[in-house]
Structure formats: structure tokens, C-alpha cells
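Asker: I have a structure I would like to understand better, so I am pasting it below and will then ask my questions one at a time.
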Amino acid sequence: MSMRISTNQVYNKNLRYLQNANSQLDGSTTRYNTGLKFSTAGEDPSGMASKIKYDAAIASYKQYATNAGLASDTMSEEETALESMWTALSSANTRLIQSVDSTNDSSSKDAIAEDLIQIRDQLFDLMNTRNADGEYIFSGAQSSVATMTKTSDGHYTCQADGQARMVQVAPSVKVQVSDSGLNIFENCQLAKTITTGGDDNGIYGMISNYGTYDSVFNQYYDPTKTGATDNQLTLDIDANGKFTLSDPDGNTIDSGEVADDGTIETSGLSFTIADGQTAGPRTISISMNKPGQDNILNQITNFVEALRDDSLTTEELSDMMAYAQQTVQNAMDQYDKYRGRVGSRESEVENVINSDTSLKNIKTTAEANITEVDAFEAASDIVKDQQALTTARSVYSKINGTSLFDYI
């Protein structure tokens with residue numbers, strides 16, 4: 001059996017070889033120029049599937065990084081605002097200390113009142129801080145509504161809804177990026193107060209040392225008891241001018257003698273016997289009132305009114321200013337507590353940002369290992385494919401110029 005080979009067969013075979021060589025050179029040139037091993041799923045189905053997976057993961061981490069950056073900016077704004085409020089309240093506390101100076105006349109007290117008004121207005125603006133997008137950062141979920149508003153009667157109310165906004169900064173991590181003004185400003189604990197009764201005619205009682213009284217309050221106040229005589233301390237003065245302070249169960253807390261000037265200092269409480277009756281028997285009931293809550297704007301307004309009220313006695317003004325100082329201190333502690341929380345969250349976000357960046361880089365490197373070509377290898381492939389194409393062209397040229405008759 002003999003095989004017959006035609007001139008066309010030889011021609012077609014070499015033409016296909018030439019086309020393959022040219023195609024290989026095009027492919028290696030494309031890989032070198034793009035830096036990619038493949039550009040379609042047909043070239044590498046498994047590689048393309050991995051590329052799509054890594055592309056999605058990298059895009060997610062880029063978004064997490066964007067979210068974390070925005071969260072960090074928002075928290076930085078909140079921290080700055082809270083720090084400014086703390087500083088303003090510190091100035092208010094200094095003015096309140098100055099207000100109890102016995103040398104102050106009406107003009108001096110009015111000047112202090114004006115300073116407090118300026119501080120109150122500054123606090124009002126800070127509580128309504130807005131971010132670059134015009135959102136009120138302390139309004140919770142209702143970011144388009146002002147956090148604090150002033151009514152026609154001069155009263156300040158909080159419009160925040162009590163909710164906090166969250167942002168996802170990692171696949172399984174959400175970070176709180178805001179605090180509600182309802183929790184920070186409106187639900188701020190006021191200074192504790194007492195109410196005297198019984199044989200208290202001519203006696204003025206007040207809290208003179210909140211730190212000491214707080215210890216007594218924390219020990220004997222029971223919020224579950226709401227009876228008329230529950231949560232009451234009792235001050236007894238006997239015929240010899242000696243006093244005894246008793247707890248709600250009648251147990252002695254403290255005892256001593258009425259001072260020559262008709263005052264009693266005990267357990268953070270101060271009593272002034274103005275009617276001169278320093279000897280008893282007298283029994284004074286002291287109700288430990290449940291602490292109230294309010295925003296500091298209303299409280300400063302009350303302090304200003306007290307400073308301008310010339311009808312208040314020295315004891316009443318001193319009592320009000322002591323209450324004011326403690327209330328301001330409570331607000332400072334409250335704002336500082338939330339500022340600490342913001343700082344803690346900022347630190348968490350910073351750690352997440354670093355983690356996200358590292359994970360994104362790892363996935364980017366893994367994707368590159370699958371999809372990207374080695375530049376030197378790609379250049380070498382081009383050289384080899386060029387040589388193959390040159391050889392194919394040379395062979396094709398020779399073959400194309402001959403026929404089988406040349407071999408007969």
C-alpha cells in the first residue's frame with residue numbers, strides 16, 4: 001500500500017504550523033503586556049473561578065476600610081465635641097466657685113451669670129454638632145433632627161431617639177460610631193438633694209459635702225422603698241445641745257454637740273439653727289430624695305436665675321451653688337465617661353483597619369500568584385515564540401516555493 005502526499009497537503013500543514021506559531025506569539029505578547037496569565041474563563045476555568053472569588057473578597061475589604069475610615073472620622077468628631085463640652089463645664093464650675101464669695105455684690109453675681117449663659121449657649125451648639133454630611137452626630141438614628149432644641153419658654157429638650165448607629169468594619173465586626181444625646185445629655189444624673197421636716201422650723205439643712213453624703217446615701221437609700229417615712233434620716237437634739245443622727249432603722253450614724261454658732265456638721269450635712277434654739281428636745285426628719293435627671297442646659301439656666309434672685313438668703317444661695325457645682329461635676333464625669341468609650345472604640349477601629357489591610361494584602365498576593373505572570377518568564381516566552389515564528393516562516397517560504405516535482 002502506498003501513501004500519496006499532495007502538494008496542497010504539505011502546504012496546508014506548514015500553514016497551520018505558521019498560524020499556531022503566530023498565535024502563540026500573540027498570546028505571550030498579550031500576557032507580557034497585561035501581566036495576566038489569562039483573561040477569559042476558557043483559558044483557565046479554575047484560575048478564573050479563583051480570581052472571581054479573590055476579587056470579591058478584596059472589594060469587600062476595600063469597603064470595610066472605607067467604612068472604618070468614616071467611623072474613625074465620626075468618632076473623632078464626637079470625641080472632640082465631648083472634650084470641648086468638658087472644658088466648657090470646667091469653666092462653668094470655676095464661675096460657680098466664684099459665686100459663693102461673700103464679697104460678691106449684685107453686679108459681680110450678674111457678671112458671673114452672663115458668663116454662665118455664654119457657656120450654656122456654647123454647650124448647646126456643641127450638643128448639636130454636625131458632621132461633614134450635615135448629620136447631627138448625637139441624635140442617634142434621627143441624624144437629620146437637631147439633638148437639642150429650645151422651646152419658647154426657654155426650656156431645653158432632647159430630641160435624640162436613644163439609638164446608636166453601627167458600621168460594619170470587618171466580616172464579623174460591627175462598631176458603634178455614635179452615642180445618643182439622650183443618654184449623654186438628657187439622662188445625666190443631678191446632684192442629690194434632701195428635704196427636712198418635723199421640728200425644723202428655724203433650721204436650714206443642706207448637703208455641704210457631697211462626697212461624704214454620697215457614702216451615707218449609698219449605704220442607707222433603698223429605691224425599692226417608697227413609703228412616707230422610708231429613706232429618712234433623723235436628727236435628734238436633746239436638752240443639753242447634743243445631737244444624734246440616725247439611719248432609717250433608728251441606728252446611730254453619728255453624734256456630737258451643736259457648735260456655739262448654732263451649726264451642726266455631720267455626715268456631709270450641714271444645719272444652721274437660725275432661731276437660736278440650740279437645745280432641744282427637737283427631732284428633724286431628713287428625707288433622702290431620689291436623684292433626678294436633666295440636661296445641664298436647663299440646670300445652668302436655673303443657676304443663673306438663682307444668682308440674679310436677690311431674695312435668696314446666704315444659706316439658700318450657698319446651698320444652690322453647692323448643688324450646682326456637684327451637678328456640673330456629674331455632667332463632666334458623664335461626658336468624660338462617654339469620651340473614654342469613644343476613645344476605646346477608636347482604638348478598636350484602628351486595630352481593625354490594620355487587620356483589614358493585612359488581610360486584603362494577603363488576598364491580593366494570593367490572587368496575583370494565580371493570575372499574574374512572571375515578567376522575566378513572559379519576556380523569555382516572547383523570545384522563544386518569536387524564534388519559533390521566524391523558523392516557521394523560513395520553512396514555509398521554502399516549502400511554498402517548491403513542489404513534489406522537485407523530488408522526481
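In the C-alpha cells, chains take the letters A, B, ... in the order shown, each chain's residues start at 1, and ligands count up from 1 in the order shown.
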Mind listing the strand (DSSP E or B) residues of range 83-260 of chain A, per DSSP on the backbone, as a short mmCIF file (atom, residue, chain, number, x, y, z; two decimals) with all heavy atoms, in the first residue's frame?
Answerer:
data_model
loop_
_atom_site.label_atom_id
_atom_site.label_comp_id
_atom_site.auth_asym_id
_atom_site.auth_seq_id
_atom_site.Cartn_x
_atom_site.Cartn_y
_atom_site.Cartn_z
N ARG A 130 -22.61 68.76 63.98
CA ARG A 130 -22.94 68.02 62.77
C ARG A 130 -21.66 67.62 62.04
O ARG A 130 -20.65 68.31 62.11
CB ARG A 130 -23.83 68.86 61.85
CG ARG A 130 -25.23 69.05 62.40
CD ARG A 130 -26.18 69.64 61.36
NE ARG A 130 -26.03 71.08 61.25
CZ ARG A 130 -26.82 71.85 60.50
NH1 ARG A 130 -27.80 71.30 59.79
NH2 ARG A 130 -26.64 73.14 60.45
N TYR A 136 -26.57 65.32 62.51
CA TYR A 136 -26.34 65.60 63.92
C TYR A 136 -25.78 64.34 64.57
O TYR A 136 -26.46 63.31 64.66
CB TYR A 136 -27.64 66.02 64.61
CG TYR A 136 -28.18 67.36 64.14
CD1 TYR A 136 -29.10 67.44 63.10
CD2 TYR A 136 -27.74 68.54 64.73
CE1 TYR A 136 -29.58 68.67 62.65
CE2 TYR A 136 -28.22 69.77 64.30
CZ TYR A 136 -29.14 69.83 63.26
OH TYR A 136 -29.62 71.04 62.83
N MET A 148 -30.59 68.86 70.42
CA MET A 148 -31.20 69.67 71.47
C MET A 148 -31.96 70.83 70.83
O MET A 148 -31.53 71.39 69.82
CB MET A 148 -30.14 70.23 72.42
CG MET A 148 -29.26 69.18 73.08
SD MET A 148 -30.13 68.02 74.15
CE MET A 148 -30.76 69.13 75.43
N THR A 149 -33.09 71.17 71.42
CA THR A 149 -33.87 72.30 70.93
C THR A 149 -34.34 73.13 72.11
O THR A 149 -34.51 72.62 73.23
CB THR A 149 -35.08 71.81 70.10
OG1 THR A 149 -35.77 72.93 69.54
CG2 THR A 149 -36.04 71.00 70.95
N LYS A 150 -34.56 74.40 71.86
CA LYS A 150 -35.00 75.32 72.91
C LYS A 150 -36.44 75.72 72.64
O LYS A 150 -36.79 76.16 71.55
CB LYS A 150 -34.10 76.56 72.92
CG LYS A 150 -34.39 77.54 74.04
CD LYS A 150 -33.42 78.71 73.99
CE LYS A 150 -33.66 79.70 75.12
NZ LYS A 150 -32.72 80.85 75.04
N TYR A 156 -34.91 73.62 77.58
CA TYR A 156 -34.17 72.83 76.60
C TYR A 156 -34.62 71.37 76.66
O TYR A 156 -34.72 70.80 77.75
CB TYR A 156 -32.67 72.91 76.85
CG TYR A 156 -32.09 74.29 76.62
CD1 TYR A 156 -32.07 75.24 77.64
CD2 TYR A 156 -31.57 74.65 75.38
CE1 TYR A 156 -31.55 76.51 77.44
CE2 TYR A 156 -31.04 75.92 75.16
CZ TYR A 156 -31.03 76.84 76.20
OH TYR A 156 -30.52 78.10 75.98
N THR A 157 -34.89 70.79 75.50
CA THR A 157 -35.32 69.39 75.44
C THR A 157 -34.46 68.63 74.44
O THR A 157 -33.94 69.21 73.48
CB THR A 157 -36.80 69.25 75.02
OG1 THR A 157 -36.98 69.86 73.73
CG2 THR A 157 -37.71 69.93 76.03
N CYS A 158 -34.33 67.35 74.69
CA CYS A 158 -33.52 66.48 73.83
C CYS A 158 -34.43 65.73 72.86
O CYS A 158 -35.45 65.16 73.26
CB CYS A 158 -32.73 65.49 74.68
SG CYS A 158 -31.67 64.39 73.72
N MET A 166 -24.45 51.88 63.92
CA MET A 166 -23.39 50.87 63.83
C MET A 166 -22.87 50.82 62.38
O MET A 166 -23.60 51.07 61.44
CB MET A 166 -23.92 49.50 64.22
CG MET A 166 -24.64 49.43 65.56
SD MET A 166 -23.54 49.65 66.98
CE MET A 166 -22.64 48.11 66.91
N VAL A 167 -21.60 50.49 62.25
CA VAL A 167 -20.98 50.35 60.93
C VAL A 167 -20.17 49.05 60.93
O VAL A 167 -19.45 48.76 61.89
CB VAL A 167 -20.05 51.55 60.61
CG1 VAL A 167 -19.21 51.25 59.37
CG2 VAL A 167 -20.87 52.80 60.37
N GLN A 168 -20.29 48.28 59.85
CA GLN A 168 -19.53 47.04 59.73
C GLN A 168 -18.15 47.36 59.19
O GLN A 168 -18.00 47.93 58.12
CB GLN A 168 -20.25 46.05 58.81
CG GLN A 168 -19.60 44.67 58.80
CD GLN A 168 -20.52 43.60 58.25
OE1 GLN A 168 -21.65 43.88 57.88
NE2 GLN A 168 -20.04 42.37 58.20
N VAL A 169 -17.13 46.96 59.95
CA VAL A 169 -15.75 47.27 59.57
C VAL A 169 -14.93 46.01 59.30
O VAL A 169 -13.73 46.10 58.98
CB VAL A 169 -15.07 48.11 60.67
CG1 VAL A 169 -15.74 49.47 60.79
CG2 VAL A 169 -15.10 47.37 62.01
N ALA A 170 -15.54 44.86 59.43
CA ALA A 170 -14.89 43.58 59.15
C ALA A 170 -16.00 42.55 58.94
O ALA A 170 -17.16 42.81 59.30
CB ALA A 170 -13.97 43.17 60.29
N VAL A 173 -17.41 42.01 62.37
CA VAL A 173 -17.23 43.07 63.37
C VAL A 173 -18.04 44.30 62.98
O VAL A 173 -17.86 44.85 61.89
CB VAL A 173 -15.74 43.46 63.52
CG1 VAL A 173 -15.60 44.59 64.54
CG2 VAL A 173 -14.92 42.26 63.93
N LYS A 174 -18.93 44.72 63.88
CA LYS A 174 -19.64 45.99 63.74
C LYS A 174 -19.24 46.90 64.89
O LYS A 174 -19.13 46.45 66.03
CB LYS A 174 -21.16 45.76 63.76
CG LYS A 174 -21.70 45.12 62.50
CD LYS A 174 -23.22 45.05 62.53
CE LYS A 174 -23.77 44.47 61.23
NZ LYS A 174 -25.25 44.42 61.23
N VAL A 175 -19.03 48.16 64.58
CA VAL A 175 -18.57 49.11 65.58
C VAL A 175 -19.59 50.22 65.74
O VAL A 175 -20.14 50.73 64.75
CB VAL A 175 -17.20 49.71 65.18
CG1 VAL A 175 -16.80 50.81 66.15
CG2 VAL A 175 -16.14 48.62 65.17
N GLN A 176 -19.86 50.59 66.97
CA GLN A 176 -20.74 51.71 67.25
C GLN A 176 -20.01 53.01 66.93
O GLN A 176 -18.91 53.24 67.42
CB GLN A 176 -21.16 51.69 68.72
CG GLN A 176 -22.10 52.82 69.12
CD GLN A 176 -22.49 52.73 70.58
OE1 GLN A 176 -22.54 51.65 71.17
NE2 GLN A 176 -22.76 53.87 71.19
N GLN A 189 -27.23 62.47 85.58
CA GLN A 189 -27.61 62.47 86.99
C GLN A 189 -27.38 63.84 87.62
O GLN A 189 -26.31 64.43 87.47
CB GLN A 189 -26.80 61.42 87.75
CG GLN A 189 -27.41 60.99 89.07
CD GLN A 189 -28.38 59.84 88.91
OE1 GLN A 189 -28.89 59.62 87.81
NE2 GLN A 189 -28.63 59.11 89.96
N ILE A 194 -31.88 66.83 99.70
CA ILE A 194 -32.59 66.38 100.90
C ILE A 194 -33.77 67.30 101.15
O ILE A 194 -33.81 68.44 100.65
CB ILE A 194 -31.68 66.37 102.14
CG1 ILE A 194 -31.14 67.80 102.42
CG2 ILE A 194 -30.54 65.37 101.97
CD1 ILE A 194 -30.40 67.93 103.74
N THR A 195 -34.73 66.80 101.88
CA THR A 195 -35.87 67.61 102.32
C THR A 195 -36.03 67.40 103.81
O THR A 195 -36.11 66.26 104.29
CB THR A 195 -37.17 67.19 101.60
OG1 THR A 195 -36.99 67.32 100.19
CG2 THR A 195 -38.33 68.05 102.06
N THR A 196 -36.04 68.52 104.56
CA THR A 196 -36.18 68.41 106.01
C THR A 196 -37.64 68.59 106.43
O THR A 196 -38.43 69.23 105.72
CB THR A 196 -35.31 69.46 106.73
OG1 THR A 196 -35.71 70.77 106.31
CG2 THR A 196 -33.84 69.25 106.40
N GLY A 197 -37.98 68.01 107.55
CA GLY A 197 -39.33 68.11 108.09
C GLY A 197 -39.31 67.91 109.59
O GLY A 197 -38.25 67.94 110.22
N GLY A 198 -40.47 67.71 110.15
CA GLY A 198 -40.54 67.57 111.60
C GLY A 198 -40.36 68.91 112.27
O GLY A 198 -40.89 69.95 111.81
N ILE A 203 -34.63 76.07 111.22
CA ILE A 203 -33.40 75.32 110.94
C ILE A 203 -33.27 75.13 109.43
O ILE A 203 -34.22 74.70 108.77
CB ILE A 203 -33.40 73.95 111.63
CG1 ILE A 203 -33.40 74.11 113.16
CG2 ILE A 203 -32.18 73.12 111.20
CD1 ILE A 203 -33.39 72.81 113.91
N TYR A 204 -32.11 75.46 108.91
CA TYR A 204 -31.87 75.28 107.47
C TYR A 204 -30.87 74.15 107.29
O TYR A 204 -29.75 74.21 107.82
CB TYR A 204 -31.33 76.55 106.82
CG TYR A 204 -31.30 76.46 105.30
CD1 TYR A 204 -32.42 76.80 104.56
CD2 TYR A 204 -30.16 76.01 104.64
CE1 TYR A 204 -32.41 76.70 103.17
CE2 TYR A 204 -30.14 75.90 103.26
CZ TYR A 204 -31.28 76.25 102.53
OH TYR A 204 -31.26 76.13 101.17
N GLY A 205 -31.29 73.11 106.56
CA GLY A 205 -30.40 71.96 106.33
C GLY A 205 -29.99 71.88 104.87
O GLY A 205 -30.78 72.17 103.96
N MET A 206 -28.75 71.48 104.63
CA MET A 206 -28.25 71.36 103.27
C MET A 206 -27.14 70.31 103.22
O MET A 206 -26.61 69.90 104.26
CB MET A 206 -27.69 72.70 102.78
CG MET A 206 -26.54 73.23 103.61
SD MET A 206 -25.84 74.78 102.99
CE MET A 206 -24.87 74.18 101.60
N ILE A 207 -26.81 69.87 102.01
CA ILE A 207 -25.67 68.97 101.81
C ILE A 207 -24.45 69.85 101.62
O ILE A 207 -24.37 70.63 100.66
CB ILE A 207 -25.89 68.07 100.58
CG1 ILE A 207 -27.15 67.24 100.75
CG2 ILE A 207 -24.68 67.16 100.38
CD1 ILE A 207 -27.54 66.45 99.50
N GLN A 232 -35.43 57.85 105.26
CA GLN A 232 -35.32 59.05 106.08
C GLN A 232 -34.23 58.88 107.13
O GLN A 232 -34.12 57.83 107.77
CB GLN A 232 -36.64 59.36 106.80
CG GLN A 232 -37.63 60.13 105.97
CD GLN A 232 -38.78 60.67 106.82
OE1 GLN A 232 -38.87 60.40 108.02
NE2 GLN A 232 -39.67 61.41 106.21
N LEU A 233 -33.45 59.93 107.29
CA LEU A 233 -32.53 60.02 108.41
C LEU A 233 -33.20 60.88 109.48
O LEU A 233 -34.11 61.66 109.16
CB LEU A 233 -31.21 60.66 107.97
CG LEU A 233 -30.48 60.02 106.79
CD1 LEU A 233 -29.22 60.82 106.45
CD2 LEU A 233 -30.13 58.57 107.09
N THR A 234 -32.77 60.73 110.71
CA THR A 234 -33.37 61.51 111.80
C THR A 234 -32.29 62.20 112.61
O THR A 234 -31.29 61.58 113.00
CB THR A 234 -34.18 60.59 112.74
OG1 THR A 234 -35.18 59.91 111.98
CG2 THR A 234 -34.87 61.41 113.82
N LEU A 235 -32.48 63.50 112.82
CA LEU A 235 -31.56 64.28 113.63
C LEU A 235 -32.27 64.67 114.93
O LEU A 235 -33.26 65.41 114.89
CB LEU A 235 -31.11 65.54 112.88
CG LEU A 235 -30.10 66.43 113.61
CD1 LEU A 235 -28.75 65.74 113.76
CD2 LEU A 235 -29.92 67.77 112.87
N ASP A 236 -31.78 64.16 116.05
CA ASP A 236 -32.35 64.48 117.36
C ASP A 236 -31.41 65.40 118.11
O ASP A 236 -30.19 65.17 118.17
CB ASP A 236 -32.56 63.20 118.18
CG ASP A 236 -33.68 62.33 117.63
OD1 ASP A 236 -34.80 62.85 117.51
OD2 ASP A 236 -33.42 61.16 117.29
N ILE A 237 -31.98 66.46 118.69
CA ILE A 237 -31.21 67.38 119.52
C ILE A 237 -31.81 67.32 120.93
O ILE A 237 -33.01 67.56 121.10
CB ILE A 237 -31.27 68.83 118.98
CG1 ILE A 237 -30.79 68.87 117.53
CG2 ILE A 237 -30.44 69.77 119.86
CD1 ILE A 237 -30.95 70.23 116.87
N LYS A 242 -26.90 68.32 122.54
CA LYS A 242 -26.19 67.26 121.85
C LYS A 242 -27.09 66.68 120.76
O LYS A 242 -28.31 66.64 120.94
CB LYS A 242 -25.77 66.16 122.82
CG LYS A 242 -24.74 66.62 123.85
CD LYS A 242 -24.31 65.47 124.74
CE LYS A 242 -23.24 65.93 125.72
NZ LYS A 242 -22.76 64.82 126.61
N PHE A 243 -26.49 66.27 119.67
CA PHE A 243 -27.30 65.74 118.56
C PHE A 243 -26.92 64.30 118.27
O PHE A 243 -25.82 63.83 118.58
CB PHE A 243 -27.11 66.59 117.29
CG PHE A 243 -25.75 66.42 116.62
CD1 PHE A 243 -25.52 65.38 115.72
CD2 PHE A 243 -24.71 67.30 116.89
CE1 PHE A 243 -24.29 65.22 115.11
CE2 PHE A 243 -23.46 67.14 116.28
CZ PHE A 243 -23.26 66.10 115.39
N THR A 244 -27.88 63.60 117.66
CA THR A 244 -27.67 62.23 117.20
C THR A 244 -28.30 62.09 115.84
O THR A 244 -29.47 62.44 115.65
CB THR A 244 -28.31 61.21 118.15
OG1 THR A 244 -27.73 61.35 119.46
CG2 THR A 244 -28.06 59.78 117.65
N LEU A 245 -27.54 61.59 114.88
CA LEU A 245 -28.05 61.33 113.54
C LEU A 245 -28.28 59.83 113.42
O LEU A 245 -27.35 59.03 113.64
CB LEU A 245 -27.06 61.80 112.47
CG LEU A 245 -27.50 61.60 111.01
CD1 LEU A 245 -28.70 62.50 110.68
CD2 LEU A 245 -26.35 61.88 110.04
N SER A 246 -29.50 59.43 113.06
CA SER A 246 -29.85 58.01 112.99
C SER A 246 -30.24 57.62 111.57
O SER A 246 -30.75 58.44 110.80
CB SER A 246 -31.02 57.70 113.93
OG SER A 246 -30.70 58.10 115.26
N THR A 252 -27.69 54.60 115.24
CA THR A 252 -26.90 55.84 115.25
C THR A 252 -25.83 55.83 114.16
O THR A 252 -25.07 54.86 114.04
CB THR A 252 -26.22 56.03 116.62
OG1 THR A 252 -27.23 56.13 117.64
CG2 THR A 252 -25.36 57.28 116.64
N ILE A 253 -25.80 56.88 113.39
CA ILE A 253 -24.77 57.07 112.37
C ILE A 253 -23.65 57.94 112.92
O ILE A 253 -22.47 57.65 112.73
CB ILE A 253 -25.37 57.73 111.10
CG1 ILE A 253 -26.44 56.84 110.48
CG2 ILE A 253 -24.27 58.01 110.08
CD1 ILE A 253 -27.15 57.49 109.30
N ASP A 254 -24.06 59.03 113.61
CA ASP A 254 -23.09 59.98 114.14
C ASP A 254 -23.73 60.73 115.31
O ASP A 254 -24.96 60.80 115.43
CB ASP A 254 -22.68 60.97 113.05
CG ASP A 254 -21.50 61.84 113.46
OD1 ASP A 254 -20.72 61.41 114.33
OD2 ASP A 254 -21.37 62.95 112.91
N SER A 255 -22.87 61.28 116.15
CA SER A 255 -23.36 62.09 117.27
C SER A 255 -22.33 63.16 117.61
O SER A 255 -21.17 63.06 117.21
CB SER A 255 -23.65 61.21 118.49
OG SER A 255 -22.46 60.56 118.93
N GLY A 256 -22.77 64.18 118.31
CA GLY A 256 -21.87 65.27 118.68
C GLY A 256 -22.62 66.38 119.37
O GLY A 256 -23.75 66.19 119.84
N GLU A 257 -22.02 67.55 119.40
CA GLU A 257 -22.63 68.70 120.05
C GLU A 257 -22.87 69.82 119.05
O GLU A 257 -22.10 69.99 118.10
CB GLU A 257 -21.75 69.22 121.20
CG GLU A 257 -21.58 68.24 122.35
CD GLU A 257 -20.80 68.85 123.49
OE1 GLU A 257 -20.38 70.03 123.37
OE2 GLU A 257 -20.58 68.15 124.50
#
Asker: Name all residues at most 8 Å from Ser139 in chain A (count only C-alpha atoms; drop same-chain ones fewer than 3 positions away) and give them as an mmCIF file with N, CA, C and O atoms, in the first residue's frame.
Answerer:
data_model
loop_
_atom_site.group_PDB
_atom_site.id
_atom_site.type_symbol
_atom_site.label_atom_id
_atom_site.label_comp_id
_atom_site.auth_asym_id
_atom_site.auth_seq_id
_atom_site.Cartn_x
_atom_site.Cartn_y
_atom_site.Cartn_z
ATOM 1 N N TYR A 136 -26.574 65.317 62.512
ATOM 2 C CA TYR A 136 -26.339 65.599 63.924
ATOM 3 C C TYR A 136 -25.779 64.338 64.568
ATOM 4 O O TYR A 136 -26.462 63.314 64.657
ATOM 5 N N GLN A 142 -31.991 59.337 64.292
ATOM 6 C CA GLN A 142 -32.631 60.508 63.678
ATOM 7 C C GLN A 142 -31.598 61.597 63.430
ATOM 8 O O GLN A 142 -31.668 62.690 63.994
ATOM 9 N N SER A 143 -30.625 61.291 62.592
ATOM 10 C CA SER A 143 -29.495 62.196 62.399
ATOM 11 C C SER A 143 -29.866 63.502 61.696
ATOM 12 O O SER A 143 -29.065 64.429 61.666
ATOM 13 N N SER A 144 -31.054 63.571 61.125
ATOM 14 C CA SER A 144 -31.466 64.803 60.453
ATOM 15 C C SER A 144 -32.173 65.768 61.408
ATOM 16 O O SER A 144 -32.498 66.896 61.025
ATOM 17 N N VAL A 145 -32.408 65.325 62.640
ATOM 18 C CA VAL A 145 -33.113 66.136 63.641
ATOM 19 C C VAL A 145 -32.107 66.678 64.648
ATOM 20 O O VAL A 145 -31.226 65.954 65.118
ATOM 21 N N ALA A 146 -32.215 67.954 64.985
ATOM 22 C CA ALA A 146 -31.307 68.560 65.956
ATOM 23 C C ALA A 146 -31.378 67.819 67.283
ATOM 24 O O ALA A 146 -32.457 67.443 67.748
ATOM 25 N N THR A 147 -30.227 67.596 67.890
ATOM 26 C CA THR A 147 -30.177 66.843 69.146
ATOM 27 C C THR A 147 -30.900 67.587 70.263
ATOM 28 O O THR A 147 -31.737 67.018 70.970
ATOM 29 N N GLN A 159 -34.074 65.736 71.567
ATOM 30 C CA GLN A 159 -34.877 65.071 70.538
ATOM 31 C C GLN A 159 -34.225 63.784 70.033
ATOM 32 O O GLN A 159 -34.763 63.131 69.139
ATOM 33 N N ALA A 160 -33.076 63.418 70.603
ATOM 34 C CA ALA A 160 -32.407 62.184 70.180
ATOM 35 C C ALA A 160 -33.263 60.986 70.563
ATOM 36 O O ALA A 160 -33.999 61.021 71.548
ATOM 37 N N ASP A 161 -33.170 59.920 69.773
ATOM 38 C CA ASP A 161 -34.034 58.754 69.987
ATOM 39 C C ASP A 161 -33.417 57.675 70.865
ATOM 40 O O ASP A 161 -34.023 56.649 71.112
ATOM 41 N N GLY A 162 -32.209 57.869 71.323
ATOM 42 C CA GLY A 162 -31.593 56.893 72.221
ATOM 43 C C GLY A 162 -30.887 55.754 71.516
ATOM 44 O O GLY A 162 -30.300 54.895 72.169
ATOM 45 N N ASP A 179 -22.986 58.045 69.787
ATOM 46 C CA ASP A 179 -23.703 57.902 71.055
ATOM 47 C C ASP A 179 -24.879 58.874 71.055
ATOM 48 O O ASP A 179 -24.760 60.010 70.571
ATOM 49 N N SER A 180 -25.977 58.432 71.603
ATOM 50 C CA SER A 180 -27.173 59.267 71.606
ATOM 51 C C SER A 180 -27.094 60.338 72.691
ATOM 52 O O SER A 180 -26.718 60.060 73.833
ATOM 53 N N GLY A 181 -27.479 61.545 72.314
ATOM 54 C CA GLY A 181 -27.532 62.631 73.283
ATOM 55 C C GLY A 181 -28.531 62.378 74.395
ATOM 56 O O GLY A 181 -28.424 62.963 75.481
ATOM 57 N N LEU A 182 -29.506 61.496 74.131
ATOM 58 C CA LEU A 182 -30.478 61.157 75.175
ATOM 59 C C LEU A 182 -29.769 60.518 76.356
ATOM 60 O O LEU A 182 -30.106 60.797 77.515
#
Asker: Which residue is closest to Leu116 in chain A? Choose from A:Thr87, A:Arg341, A:Thr314, A:Val304 and count only C-alpha atoms.
Answerer: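 Checking each candidate against Leu116 in chain A, we get A:Val304 as the closest.
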Asker: Looking only at alpha helix (DSSP H) from DSSP on the backbone, list the matching residues of range 78-171 of chain A as a PyMOL selection string.
Answerer: chain A and resi 78-99+106-127
Asker: Next, the residues of the selection above should be written as a short mmCIF file (atom, residue, chain, number, x, y, z; two decimals), in the first residue's frame with C-alpha atoms.
Answerer:
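And here's selection34.cif as it stands now:
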data_model
loop_
_atom_site.label_atom_id
_atom_site.label_comp_id
_atom_site.auth_asym_id
_atom_site.auth_seq_id
_atom_site.Cartn_x
_atom_site.Cartn_y
_atom_site.Cartn_z
CA GLU A 78 -17.64 63.11 68.80
CA GLU A 79 -14.56 62.89 70.99
CA THR A 80 -13.57 66.46 70.11
CA ALA A 81 -17.08 67.74 70.87
CA LEU A 82 -17.21 65.94 74.22
CA GLU A 83 -13.76 67.25 75.13
CA SER A 84 -14.87 70.80 74.32
CA MET A 85 -18.01 70.32 76.46
CA TRP A 86 -15.90 69.07 79.35
CA THR A 87 -13.67 72.15 79.06
CA ALA A 88 -16.71 74.45 78.97
CA LEU A 89 -18.18 72.81 82.06
CA SER A 90 -14.86 73.15 83.83
CA SER A 91 -15.09 76.91 83.21
CA ALA A 92 -18.68 76.88 84.49
CA ASN A 93 -17.53 75.14 87.67
CA THR A 94 -14.91 77.84 88.21
CA ARG A 95 -17.59 80.55 87.88
CA LEU A 96 -19.83 78.73 90.37
CA ILE A 97 -17.00 78.58 92.90
CA GLN A 98 -16.53 82.33 92.45
CA SER A 99 -20.24 82.92 93.00
CA SER A 106 -25.20 92.16 92.59
CA SER A 107 -23.02 93.37 89.72
CA SER A 108 -20.41 90.66 90.35
CA LYS A 109 -23.05 87.93 90.50
CA ASP A 110 -24.68 89.28 87.34
CA ALA A 111 -21.32 89.15 85.53
CA ILE A 112 -20.90 85.53 86.61
CA ALA A 113 -24.44 84.82 85.40
CA GLU A 114 -23.60 86.29 81.98
CA ASP A 115 -20.53 84.05 81.75
CA LEU A 116 -22.67 81.02 82.58
CA ILE A 117 -25.14 81.99 79.84
CA GLN A 118 -22.30 82.13 77.32
CA ILE A 119 -21.11 78.71 78.45
CA ARG A 120 -24.65 77.33 78.21
CA ASP A 121 -25.00 78.60 74.64
CA GLN A 122 -21.63 77.12 73.73
CA LEU A 123 -22.73 73.76 75.14
CA PHE A 124 -25.97 73.99 73.17
CA ASP A 125 -24.01 74.42 69.93
CA LEU A 126 -21.65 71.56 70.77
CA MET A 127 -24.54 69.22 71.57
#
Asker: In Å, rounded to a single decimal, give me how far CA of Ile184 in chain A is from CA of Tyr338 in chain A.
Answerer: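 The value is 7.3 Å.
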Asker: Could you please determine the separation between CA of Asp199 in chain A and CA of Gly241 in chain A in Å, to one decimal place?
Answerer: 14.9 Å
Asker: Write out as JSON, numbers by chain the residues lying within 12 Å of range 62-72 of chain A, counting only C-alpha atoms and excluding same-chain residues fewer than 6 positions away.
Answerer: {"A": [55, 56, 78, 79, 131, 132, 133, 137, 165, 166, 167, 168, 169, 170, 171, 172, 173, 174, 175, 176, 177, 178, 342, 343, 344, 345, 346, 347, 348, 349, 350, 351, 352, 353, 354, 355, 356, 357, 358, 359, 360, 361, 363, 364]}
Asker: So, with only C-alpha atoms as the atoms that count, which of A:Ile58, A:Cys188, A:Ala239, A:Ala141 lies closest to Val328 in chain A?
Answerer: A:Cys188
Asker: Calculate how many Å separate CA of Arg308 in chain A from CA of Gln293 in chain A, rounding to one decimal.
Answerer: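 Taking CA of Arg308 in chain A and CA of Gln293 in chain A, their separation equals 23.9 Å.
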